[in-house]
$ cat my_file-v3.cif   # mmCIF, C-alpha atoms, pLDDT in the B column; chains and numbers go by the auth columns
data_structure
#
loop_
_atom_site.group_PDB
_atom_site.id
_atom_site.type_symbol
_atom_site.label_atom_id
_atom_site.label_comp_id
_atom_site.label_asym_id
_atom_site.label_seq_id
_atom_site.Cartn_x
_atom_site.Cartn_y
_atom_site.Cartn_z
_atom_site.B_iso_or_equiv
_atom_site.auth_seq_id
_atom_site.auth_asym_id
ATOM 1 C CA MET A 1 -42.023 -4.804 -26.811 89.00 1 A
ATOM 2 C CA ILE A 2 -45.637 -3.920 -26.143 97.00 2 A
ATOM 3 C CA LYS A 3 -48.048 -6.843 -25.904 97.00 3 A
ATOM 4 C CA MET A 4 -51.781 -6.561 -26.396 98.00 4 A
ATOM 5 C CA TYR A 5 -54.035 -9.344 -25.151 98.00 5 A
ATOM 6 C CA GLY A 6 -57.603 -9.761 -26.315 97.00 6 A
ATOM 7 C CA ILE A 7 -59.876 -11.297 -28.914 95.00 7 A
ATOM 8 C CA LYS A 8 -59.424 -10.270 -32.539 94.00 8 A
ATOM 9 C CA ASN A 9 -63.121 -9.781 -33.329 94.00 9 A
ATOM 10 C CA CYS A 10 -63.679 -7.415 -30.366 95.00 10 A
ATOM 11 C CA ASP A 11 -64.520 -3.862 -31.505 96.00 11 A
ATOM 12 C CA THR A 12 -62.420 -2.283 -28.753 96.00 12 A
ATOM 13 C CA ILE A 13 -59.450 -4.425 -29.769 97.00 13 A
ATOM 14 C CA LYS A 14 -59.888 -3.319 -33.376 97.00 14 A
ATOM 15 C CA LYS A 15 -59.831 0.352 -32.319 97.00 15 A
ATOM 16 C CA ALA A 16 -56.782 -0.126 -30.101 98.00 16 A
ATOM 17 C CA ARG A 17 -54.876 -2.035 -32.788 97.00 17 A
ATOM 18 C CA GLN A 18 -55.760 0.633 -35.352 97.00 18 A
ATOM 19 C CA PHE A 19 -54.542 3.400 -33.028 97.00 19 A
ATOM 20 C CA LEU A 20 -51.203 1.675 -32.407 97.00 20 A
ATOM 21 C CA SER A 21 -50.710 0.884 -36.105 97.00 21 A
ATOM 22 C CA ASN A 22 -51.646 4.419 -37.220 97.00 22 A
ATOM 23 C CA ASN A 23 -49.100 5.824 -34.778 96.00 23 A
ATOM 24 C CA ASN A 24 -46.342 3.405 -35.837 96.00 24 A
ATOM 25 C CA ILE A 25 -46.175 1.788 -32.408 96.00 25 A
ATOM 26 C CA GLU A 26 -44.905 -1.770 -32.643 96.00 26 A
ATOM 27 C CA PHE A 27 -46.804 -4.358 -30.647 97.00 27 A
ATOM 28 C CA GLU A 28 -47.502 -8.061 -30.493 97.00 28 A
ATOM 29 C CA PHE A 29 -51.145 -9.113 -30.433 98.00 29 A
ATOM 30 C CA ILE A 30 -52.061 -12.238 -28.477 97.00 30 A
ATOM 31 C CA ASP A 31 -55.563 -13.598 -29.045 97.00 31 A
ATOM 32 C CA PHE A 32 -56.895 -15.350 -25.926 93.00 32 A
ATOM 33 C CA ARG A 33 -58.704 -17.873 -28.073 91.00 33 A
ATOM 34 C CA ASP A 34 -55.760 -18.783 -30.323 94.00 34 A
ATOM 35 C CA GLN A 35 -53.063 -18.591 -27.651 95.00 35 A
ATOM 36 C CA PRO A 36 -54.583 -19.082 -24.208 94.00 36 A
ATOM 37 C CA ILE A 37 -52.700 -17.152 -21.548 94.00 37 A
ATOM 38 C CA ASP A 38 -51.065 -19.117 -18.801 94.00 38 A
ATOM 39 C CA GLU A 39 -51.663 -18.792 -15.096 97.00 39 A
ATOM 40 C CA SER A 40 -48.494 -16.792 -14.402 97.00 40 A
ATOM 41 C CA ILE A 41 -49.405 -14.116 -16.963 97.00 41 A
ATOM 42 C CA LEU A 42 -52.945 -13.857 -15.614 98.00 42 A
ATOM 43 C CA GLN A 43 -51.563 -13.626 -12.073 98.00 43 A
ATOM 44 C CA SER A 44 -49.285 -10.771 -13.179 97.00 44 A
ATOM 45 C CA PHE A 45 -52.371 -8.914 -14.471 97.00 45 A
ATOM 46 C CA VAL A 46 -54.190 -9.446 -11.174 97.00 46 A
ATOM 47 C CA ASP A 47 -51.137 -8.383 -9.152 97.00 47 A
ATOM 48 C CA ALA A 48 -50.733 -5.212 -11.209 96.00 48 A
ATOM 49 C CA ILE A 49 -54.318 -3.996 -11.505 97.00 49 A
ATOM 50 C CA GLY A 50 -56.549 -6.242 -9.373 97.00 50 A
ATOM 51 C CA TRP A 51 -59.649 -8.268 -10.161 97.00 51 A
ATOM 52 C CA ASP A 52 -61.986 -5.244 -10.105 95.00 52 A
ATOM 53 C CA LYS A 53 -60.277 -3.594 -13.063 97.00 53 A
ATOM 54 C CA LEU A 54 -59.483 -6.825 -14.888 98.00 54 A
ATOM 55 C CA ILE A 55 -62.928 -8.437 -14.998 98.00 55 A
ATOM 56 C CA ASN A 56 -65.502 -7.168 -17.491 96.00 56 A
ATOM 57 C CA LYS A 57 -68.676 -7.185 -15.445 96.00 57 A
ATOM 58 C CA ARG A 58 -70.728 -6.119 -18.480 95.00 58 A
ATOM 59 C CA SER A 59 -69.746 -9.174 -20.516 94.00 59 A
ATOM 60 C CA THR A 60 -72.196 -11.902 -21.407 95.00 60 A
ATOM 61 C CA THR A 61 -69.818 -14.418 -19.872 96.00 61 A
ATOM 62 C CA TYR A 62 -69.849 -12.605 -16.525 98.00 62 A
ATOM 63 C CA ARG A 63 -73.627 -12.257 -16.511 97.00 63 A
ATOM 64 C CA LYS A 64 -73.965 -16.017 -17.022 97.00 64 A
ATOM 65 C CA LEU A 65 -71.901 -16.812 -13.915 98.00 65 A
ATOM 66 C CA THR A 66 -73.624 -17.875 -10.728 97.00 66 A
ATOM 67 C CA ASP A 67 -73.710 -15.398 -7.857 97.00 67 A
ATOM 68 C CA GLU A 68 -71.171 -17.568 -6.043 97.00 68 A
ATOM 69 C CA GLN A 69 -68.787 -17.469 -9.026 97.00 69 A
ATOM 70 C CA LYS A 70 -69.211 -13.696 -9.360 97.00 70 A
ATOM 71 C CA SER A 71 -68.247 -13.204 -5.739 96.00 71 A
ATOM 72 C CA ASN A 72 -65.269 -15.548 -6.013 96.00 72 A
ATOM 73 C CA ILE A 73 -63.466 -14.924 -9.308 97.00 73 A
ATOM 74 C CA THR A 74 -60.422 -17.193 -9.500 97.00 74 A
ATOM 75 C CA LEU A 75 -57.511 -17.752 -11.837 97.00 75 A
ATOM 76 C CA GLU A 76 -58.966 -21.128 -12.825 97.00 76 A
ATOM 77 C CA LEU A 77 -62.395 -19.665 -13.652 98.00 77 A
ATOM 78 C CA THR A 78 -60.850 -16.851 -15.674 97.00 78 A
ATOM 79 C CA LEU A 79 -58.489 -19.154 -17.564 97.00 79 A
ATOM 80 C CA LYS A 80 -61.481 -21.318 -18.530 96.00 80 A
ATOM 81 C CA ASN A 81 -63.461 -18.191 -19.526 96.00 81 A
ATOM 82 C CA PRO A 82 -60.977 -15.676 -20.967 95.00 82 A
ATOM 83 C CA THR A 83 -63.814 -13.466 -22.200 94.00 83 A
ATOM 84 C CA LEU A 84 -64.243 -12.447 -18.552 97.00 84 A
ATOM 85 C CA ILE A 85 -61.135 -10.316 -19.036 97.00 85 A
ATOM 86 C CA LYS A 86 -61.758 -6.706 -19.997 97.00 86 A
ATOM 87 C CA ARG A 87 -60.124 -5.922 -23.328 96.00 87 A
ATOM 88 C CA PRO A 88 -57.590 -5.012 -24.366 98.00 88 A
ATOM 89 C CA VAL A 89 -54.946 -5.733 -21.784 98.00 89 A
ATOM 90 C CA LEU A 90 -51.892 -3.742 -22.839 98.00 90 A
ATOM 91 C CA VAL A 91 -48.573 -4.700 -21.294 97.00 91 A
ATOM 92 C CA THR A 92 -45.714 -2.222 -21.641 95.00 92 A
ATOM 93 C CA SER A 93 -42.370 -2.011 -19.898 92.00 93 A
ATOM 94 C CA ALA A 94 -43.899 0.592 -17.567 92.00 94 A
ATOM 95 C CA ASN A 95 -47.296 -0.863 -16.693 94.00 95 A
ATOM 96 C CA ILE A 96 -50.329 -2.983 -17.441 96.00 96 A
ATOM 97 C CA ARG A 97 -53.519 -1.215 -18.479 96.00 97 A
ATOM 98 C CA VAL A 98 -56.972 -2.410 -19.409 97.00 98 A
ATOM 99 C CA GLY A 99 -59.427 -0.936 -21.885 96.00 99 A
ATOM 100 C CA PHE A 100 -58.810 1.569 -24.635 97.00 100 A
ATOM 101 C CA SER A 101 -59.180 5.255 -25.256 94.00 101 A
ATOM 102 C CA GLU A 102 -56.945 7.471 -27.338 94.00 102 A
ATOM 103 C CA LYS A 103 -56.315 9.588 -24.257 94.00 103 A
ATOM 104 C CA SER A 104 -55.202 6.576 -22.205 91.00 104 A
ATOM 105 C CA TYR A 105 -52.796 5.496 -24.966 95.00 105 A
ATOM 106 C CA SER A 106 -51.395 8.993 -25.625 90.00 106 A
ATOM 107 C CA ASP A 107 -48.348 8.420 -23.418 90.00 107 A
ATOM 108 C CA LEU A 108 -47.229 5.705 -25.860 91.00 108 A
ATOM 109 C CA LEU A 109 -46.635 8.303 -28.579 83.00 109 A
#

$ encode --input "my_file-v3.cif" --output "structure tokens"
Amino acid sequence: MIKMYGIKNCDTIKKARQFLSNNNIEFEFIDFRDQPIDESILQSFVDAIGWDKLINKRSTTYRKLTDEQKSNITLELTLKNPTLIKRPVLVTSANIRVGFSEKSYSDLL
């Protein structure tokens, strides 16, 4: 089963969900705000793709961090501020990917 992590009011999430639904691809959506992810799931994201790809450096949340926090992103900081995570995070049996484009999701068809 494909799992998509994000925040339901995010425009990119809406596009990704629409794409999957329009292409009859079953998935489970997990909203960070309604169902906070646990440390082991976040660690699996970091292990698979690394902090550089996982953290949304254009987000308001990231911009509000201190320089020290920006240079030392931790699991604890990210769990407290899930909007630091680039969206969506799509977990399939084959991989974990971040962000959305139709091209990047084409292998799911």

$ residues_around --input "my_file-v3.cif" --residues "segment 55-66 of chain A" --least-positions-apart "6" --cutoff "8 Å" --atoms "only C-alpha atoms" --output "PyMOL selection string"
chain A and resi 81+83-86

$ resolve_selection --input "my_file-v3.cif" --expression "the PyMOL selection byres ((chain A and resi 44) around 12)" --output "list in words"
Ile37, Asp38, Glu39, Ser40, Ile41, Leu42, Gln43, Phe45, Val46, Asp47, Ala48, Ile49, Gly50, Trp51, Leu54, Leu75, Val89, Val91, Asn95, Ile96 and Arg97 of chain A

$ closest_atom_pairs --input "my_file-v3.cif" --of "segment 22-92 of chain A" --to "segment 6-12 of chain A" --cutoff "8 Å" --atoms "only C-alpha atoms" --output "JSON lines"
{"residue": "A:Phe29", "atom": "CA", "partner": "A:Gly6", "partner_atom": "CA", "distance": 7.7}
{"residue": "A:Ile30", "atom": "CA", "partner": "A:Gly6", "partner_atom": "CA", "distance": 6.4}
{"residue": "A:Asp31", "atom": "CA", "partner": "A:Ile7", "partner_atom": "CA", "distance": 4.9}
{"residue": "A:Phe32", "atom": "CA", "partner": "A:Gly6", "partner_atom": "CA", "distance": 5.6}
{"residue": "A:Arg33", "atom": "CA", "partner": "A:Ile7", "partner_atom": "CA", "distance": 6.7}
{"residue": "A:Arg87", "atom": "CA", "partner": "A:Gly6", "partner_atom": "CA", "distance": 5.5}
{"residue": "A:Pro88", "atom": "CA", "partner": "A:Gly6", "partner_atom": "CA", "distance": 5.1}
{"residue": "A:Val89", "atom": "CA", "partner": "A:Gly6", "partner_atom": "CA", "distance": 6.6}

$ write_last_selection --input "my_file-v3.cif" --atoms "C-alpha atoms" --output "PDB file, in the coordinates of the input"
ATOM      1  CA  PHE A  29     -51.145  -9.113 -30.433  1.00 98.00           C
ATOM      2  CA  ILE A  30     -52.061 -12.238 -28.477  1.00 97.00           C
ATOM      3  CA  ASP A  31     -55.563 -13.598 -29.045  1.00 97.00           C
ATOM      4  CA  PHE A  32     -56.895 -15.350 -25.926  1.00 93.00           C
ATOM      5  CA  ARG A  33     -58.704 -17.873 -28.073  1.00 91.00           C
ATOM      6  CA  ARG A  87     -60.124  -5.922 -23.328  1.00 96.00           C
ATOM      7  CA  PRO A  88     -57.590  -5.012 -24.366  1.00 98.00           C
ATOM      8  CA  VAL A  89     -54.946  -5.733 -21.784  1.00 98.00           C
TER       9      VAL A  89
END

$ resolve_selection --input "my_file-v3.cif" --expression "the PyMOL selection byres ((chain A and resi 26) around 12)" --output "number ranges by chain"
A: 1-4, 17-25, 27-29, 92, 108-109

$ atom_distance --input "my_file-v3.cif" --atom1 "atom CA of Asp107 of chain A" --atom2 "atom CA of Lys15 of chain A"
16.6 Å

$ atom_distance --input "my_file-v3.cif" --atom1 "atom CA of Phe100 of chain A" --atom2 "atom CA of Ala16 of chain A"
6.1 Å

$ atom_distance --input "my_file-v3.cif" --atom1 "atom CA of Pro82 of chain A" --atom2 "atom CA of Val98 of chain A"
13.9 Å

$ closest_residue --input "my_file-v3.cif" --among "A:Ser101, A:Ala94, A:Pro36, A:Asp67" --to "Lys80 of chain A" --atoms "all atoms listed in the file"
A:Pro36

$ axis_aligned_box --input "my_file-v3.cif" --around "segment 38-45 of chain A" --padding-each-side "8 Å" --output "AutoDock Vina command-line options"
--center_x -50.7 --center_y -14.0 --center_z -15.4 --size_x 20.5 --size_y 26.2 --size_z 22.7

$ closest_residue --input "my_file-v3.cif" --among "A:Asp34, A:Lys14, A:Asp52, A:Tyr105" --to "Ile73 of chain A" --atoms "all atoms listed in the file"
A:Asp52
